[in-house]
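Enquirer: Let me give you the structure first, and then I'll get to my questions.
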Amino acid sequence: MRPRHPIAVLVLLLSVAVAGTGTAQDPAYDALGLRPPLGLDSPKLDEPPAETPLEGDELDRRTEEITSLIRCPVCQGLSVADSPTDLALAMKAEARQLIAAGYSEDQILSYFERSYGEFIRLSPRAEGFNLLVWLAPILAVLVGVWLVATRVRTPRSATEETSVESDPELEPYLEIVRREVGS
Amino acid sequence: MNRVALILGALLVLPLLIFLAISFRYDPRAIDSPLVGKAAPTFSLADLDGHVYQLPESPARPVVINFWATWCQPCIVEHPVLLAGARRYAGRVDFLGIVYQDKPQLIREFVAQRGAWGPSLLDPGSEVAIAYGVYGAPETFVVSTDGTIVERITGVVTPQALEQILGGLL
Amino acid sequence: MISNLGSGLVLLSLLVCAIGIPVAYGAGARRSLRGLELSKRLAYLFGGLMVLANLVMVYALVAHDFSVSYVAQVGSRATPLVITIVSLWSSLEGSILFWGFVLGLFTAAFAYLQRQGHEHYLGYSLGTLFAIGLFFSYLIAGPANPFAPTPPPVPTDGPGPNALLQNHILMIVHPPMLYLGYVGMSVPFAMAVAALLRGQLGATWLKPLRNWLLVPTGFLTLGIMLGGWWSYEVLGWGGYWAWDPVENASFLPWLTAIAALHSAIVMQRRGSLKAWTTILVMITFLLTILGTFLTRSGVVNSVHSFTQSPIGPLFLTFLGICLFGVVILLALRVDTLVSEPSEDALFAREGAFLLNNLLLVAFTFTVLIGTIFPIVAEAVRDVKVSVGEPYFNRMAVPICFGLLMLMGIGPALPWGRASAAEIRRALLTPVPAALLAVGLTALLGGRDLGILLTGAMAGYALWVTGARGTEAMRRRRARGDSPGDVARKSLLRSPRLLGAYVVHFGVIVTFVSIAVSSTFQTSEEAVLAPGQEFAIADYSLTFKEVRVEQEPHRVARKATLAVNNSGRDLGTLQPAMNHYPTMQEPIGTPAVRTSLTHDLYLTMMEVLPDGRVGIRAIVTPAVLWIWIGVLIMSAGIGLCLVSPVAPKKAAA
């Protein structure tokens with residue numbers, strides 16, 4: 001979070017009172033020799049960081065990891081990590097700041113989710129209805145394993161080589177099969 | 001007749017078709033903002049000349065915040081609507097424009113050519129745009145005097161929509 | 001004029017298909033040779049009309065006849081000739097017309113190549129193909145008519161095709177390959193339907209069915225690879241696969257086609273899995289229609305999706321008819337196919353085939369549910385969710401590992417029942433190769449578990465593939481044949497066996513390259529003033545200048561960077577940003593320096609007013625080998641299509 005100068009805030013409020021909502025005059029800043037505090041005023045995250053601050057290579061690695069879970073809002077399907085667009089770069093920079101400050105993956109994803117909605121998560125959160133997309137494939141594999149297992153448990157006599165089909169047009173082909181098997 | 005095949009097939013096919021049919025009702029590009037009904041993120045931003053504008057926690061008047069850019073065609077279409085709106089609600093509603101991913105020179109030219117309906121605020125690092133969950137330009141947020149976002153419009157704002165939303169707030 | 005000619009041809013083909021359906025099905029049901037003959041003629045006619053209609057459109061495009069609505073939509077006098085021709089499939093209406101072209105070609109080719117024998121199946125197959133042809137002719141003639149006259153005033157110039165299409169040569173090759181693969185799946189589908197209608201799937205029909213499945217699978221393989229390559233060379237994010245809905249749509253039928261090709265082998269060897277193979281073939285076709293619906297109707301978010309269009313509901317209707325048709329057909333007739341006794345020992349080759357099918361179908365199901373889950377979630381919860389790369393990667397990686405493992409274990413196992421000792425010996429022999437591969441991987445810098453595991457399984461599979469693929473050759477060599485003779489005979493007598501292992505070899509190469517390229521990728525970003533340099537891996541890059549080039553259909557801003565690798569001058573690379581008059585945001589063209597071991601990939605992120613540029617550099621190892629691996633796969637598939645030459649004398 002960017003440190004705010006108390007005097008600047010005071011001046012700002014004062015000038016708001018003078019100039020009306022949403023406006024402030026810069027001569028006041030000039031007189032005091034202050035740079036206006038620009039950007040977001042409300043805190044990004046209300047809670048304290050859940051993890052320890054990071055820097056260097058570890059910070060790079062985590063940034064890459066976490067931003068690859070965030071959907072780039074302007075580029076259909078790509079993650080913030082992969083996207084070269086300006087907005088994605090800005091989001092990556094913000095995520096990096098937050099990671100450097102020690103915020104966790106979950107906190108950062110929740111921060112972006114708060115303004116962009118669930119759509120921003122490239123990988124659906126595994127809870128509630130979303131569990132379906134995570135569990136259905138596993139369930140399918142289990143059903144498949146069960147099917148295969150039940151098939152194999154009931155072996156019958158091995159006579160298929162000739163009982164395949166009594167189609168006479170099949171004979172020359174079967175001949176080739178036999179030769180392949182026999183060779 | 002193999003009943004298992006029929007029932008299994010129908011069980012797989014029917015839901016698929018139903019969901020696909022329902023999907024026509026939704027526009028894949030229209031994503032609801034979770035911020036509607038919540039407190040608007042507050043900010044202080046400067047325009048091209050360094051004048052600072054602020055959105056406080058409870059503004060004195062309702063505020064229309066519009067994210068736009070000179071490279072965005074719909075923004076050009078929307079411009080006259082906002083000009084008329086700002087004139088009509090002058091003194092009753094504040095209009096703040098936040099320029100999204102653009103260059104100062106182009107903004108100056110755009111405003112000089114087409115007129116201004118409010119300040120053109122710069123958003124370094126797109127910090128405010130991200131806090132508002134902006135997907136693209138134009139996007140418009142209406143903030144009531146208690147600091148709540150009451151409406152968010154993606155795409156071009158129509159005079160009717162503007163009148164309806166602001167009429168309800170005044 | 002051109003409008004009328006084109007529309008007329010399409011209406012004629014609609015008529016031909018409408019007549020063809022009862023004639024061909026009738027010929028199939030009554031086994032009428034005369035009806036069959038007529039059906040074949042109608043198939044040739046359908047093909048001819050579709051080819052003509054497409055030629056007419058190409059003529060209109062080249063002649064810049066803006067009175068044809070499609071030309072007015074995608075044509076432009078400034079566009080180069082080649083791109084004008086390929087803009088035939090650059091937009092929705094044209095792409096459906098091109099679909100008709102490919103369908104016509106396949107229908108006619110199928111009727112011609114299967115003209116001899118198969119009377120029992122051929123009529124039914126052609127009937128189904130005509131039914132599909134009827135739907136597409138209807139789309140082209142009505143709702144998606146590219147020949148519709150432009151409402152006056154007729155413009156004198158147009159906007160040109162989608163800018164992304166104009167950006168790279170691969171876009172000329174990729175869509176036709178994909179269409180050949182996608183549309184070609186109609187033929188095996190029609191053949192499977194015919195088998196169900198006839199109530200029999202004999203080996204004589206299985207062989208052509210497998211070939212007609214191999215052909216589109218080969219094209220689809222190439223098409224998917226070219227799409228990935230294109231996205232790598234054009235989209236500028238340094239990757240080749242993003243699990244985008246359109247990519248998934250092309251991948252789904254590929255997976256089921258591969259599954260069907262494997263179960264067909266079991267069917268041929270053991271006589272089992274008949275119904276299952278038939279179902280897989282039909283699902284493959286249904287998935288192409290589903291994929292087309294998803295990408296053409298605008299219901300999913302995708303890079304490549306065409307804009308919202310009226311053909312969405314029509315496609316859904318067609319999909320619904322096909323799905324219900326298949327379910328009802330299966331319910332009525334599937335029992336006629338499940339008649340073979342089966343004894344599939346799990347610890348044998350056929351067990352591996354079953355597992356292979358299980359994994360491939362689970363893979364298909366996973367990709368399918370991931371692709372349509374956003375639609376389901378929105379319908380149920382009224383919330384938009386994303387299912388993207390992290391989800392698919394997490395799900396796909398274990399499945400791919402399983403498939404790679406099976407590719408080693410499966411062919412190592414003997415067919416049928418074998419003693420425990422035999423099995424143990426078969427499975428243990430390749431282990432040294434796996435250990436060697438792990439050692440090699442570690443030596444080359446592989447540290448994490450995933451890449452070491454890949455190394456082990458790839459080494460194992462490579463050994464088995466090599467051993468099985470060369471088994472016949474080695475036997476011939478042991479018999480004392482000369483090396484030339486060995487190669488010739490193996491190629492002529494068992495091309496399919498050889499082809500299958502060539503495909504496996506290609507898959508291993510691709511798999512390892514994908515694993516290596518995604519594990520060892522490094523990237524750097526920098527904003528550079530002229531003369532400044534920055535380093536990535538062993539490269540040092542010096543930014544020289546930015547130039548603006550005015551081309552007829554675009555403005556290109558090119559940055560020139562001198563490339564130096566450990567003191568060796570490697571010339572320059574020029575990443576560019578292209579501005580098209582019809583698009584707001586520029587499209588970047590990355591500059592790629594490909595070598596056998598790795599790629600250096602440069603993209604221009606931004607040009608600042610003071611002349612500095614933002615450059616992103618990515619070094620990815622082994623990218624070239626992904627494409628090479630897929631080419632090997634395609635070559636193997638081609639080899640599988642070669643008919644074996646029977647030896648003159650009975651083989652000893």
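By order of appearance in the structure tokens: chains A, B, ..., then residues from 1 within every chain, and ligands from 1 in the order shown.
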Could you name the residues that touch segment 113-130 of chain C at 7 Å or less, counting only C-alpha atoms, but leaving out those on the same chain fewer than 4 positions away, as a PyMOL selection string?
Expert: chain C and resi 17+20-21+24-25+27-28+31+36+107+109+134+186+190-191+193-195+198
Enquirer: Apply DSSP to the structure's backbone, then extract all residues of segment 15-97 of chain B labelled alpha helix (DSSP H) and return them as a ChimeraX atom specification.
Expert: /B:15-23,73-88
Enquirer: Please identify all polymer residues within 7 Å of Leu35 of chain B, counting only C-alpha atoms, omitting same-chain residues fewer than 2 positions from it, and present them as a PyMOL selection string.
Expert: (chain A and resi 115) or (chain B and resi 33+37-38+149)
Enquirer: Please identify every residue of chain B that has at least one atom no more than 12 Å from any atom of chain C, counting only C-alpha atoms, and report them as an NGL selection string.
Expert: :B and (1-34 or 69-74 or 101-106 or 137)
Enquirer: Would you work out the distance separating atom CA of Val156 of chain B from atom CA of Ile107 of chain B, expressed in Å to one decimal?
Expert: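 Computing the Euclidean distance for atom CA of Val156 of chain B and atom CA of Ile107 of chain B yields 18.8 Å.
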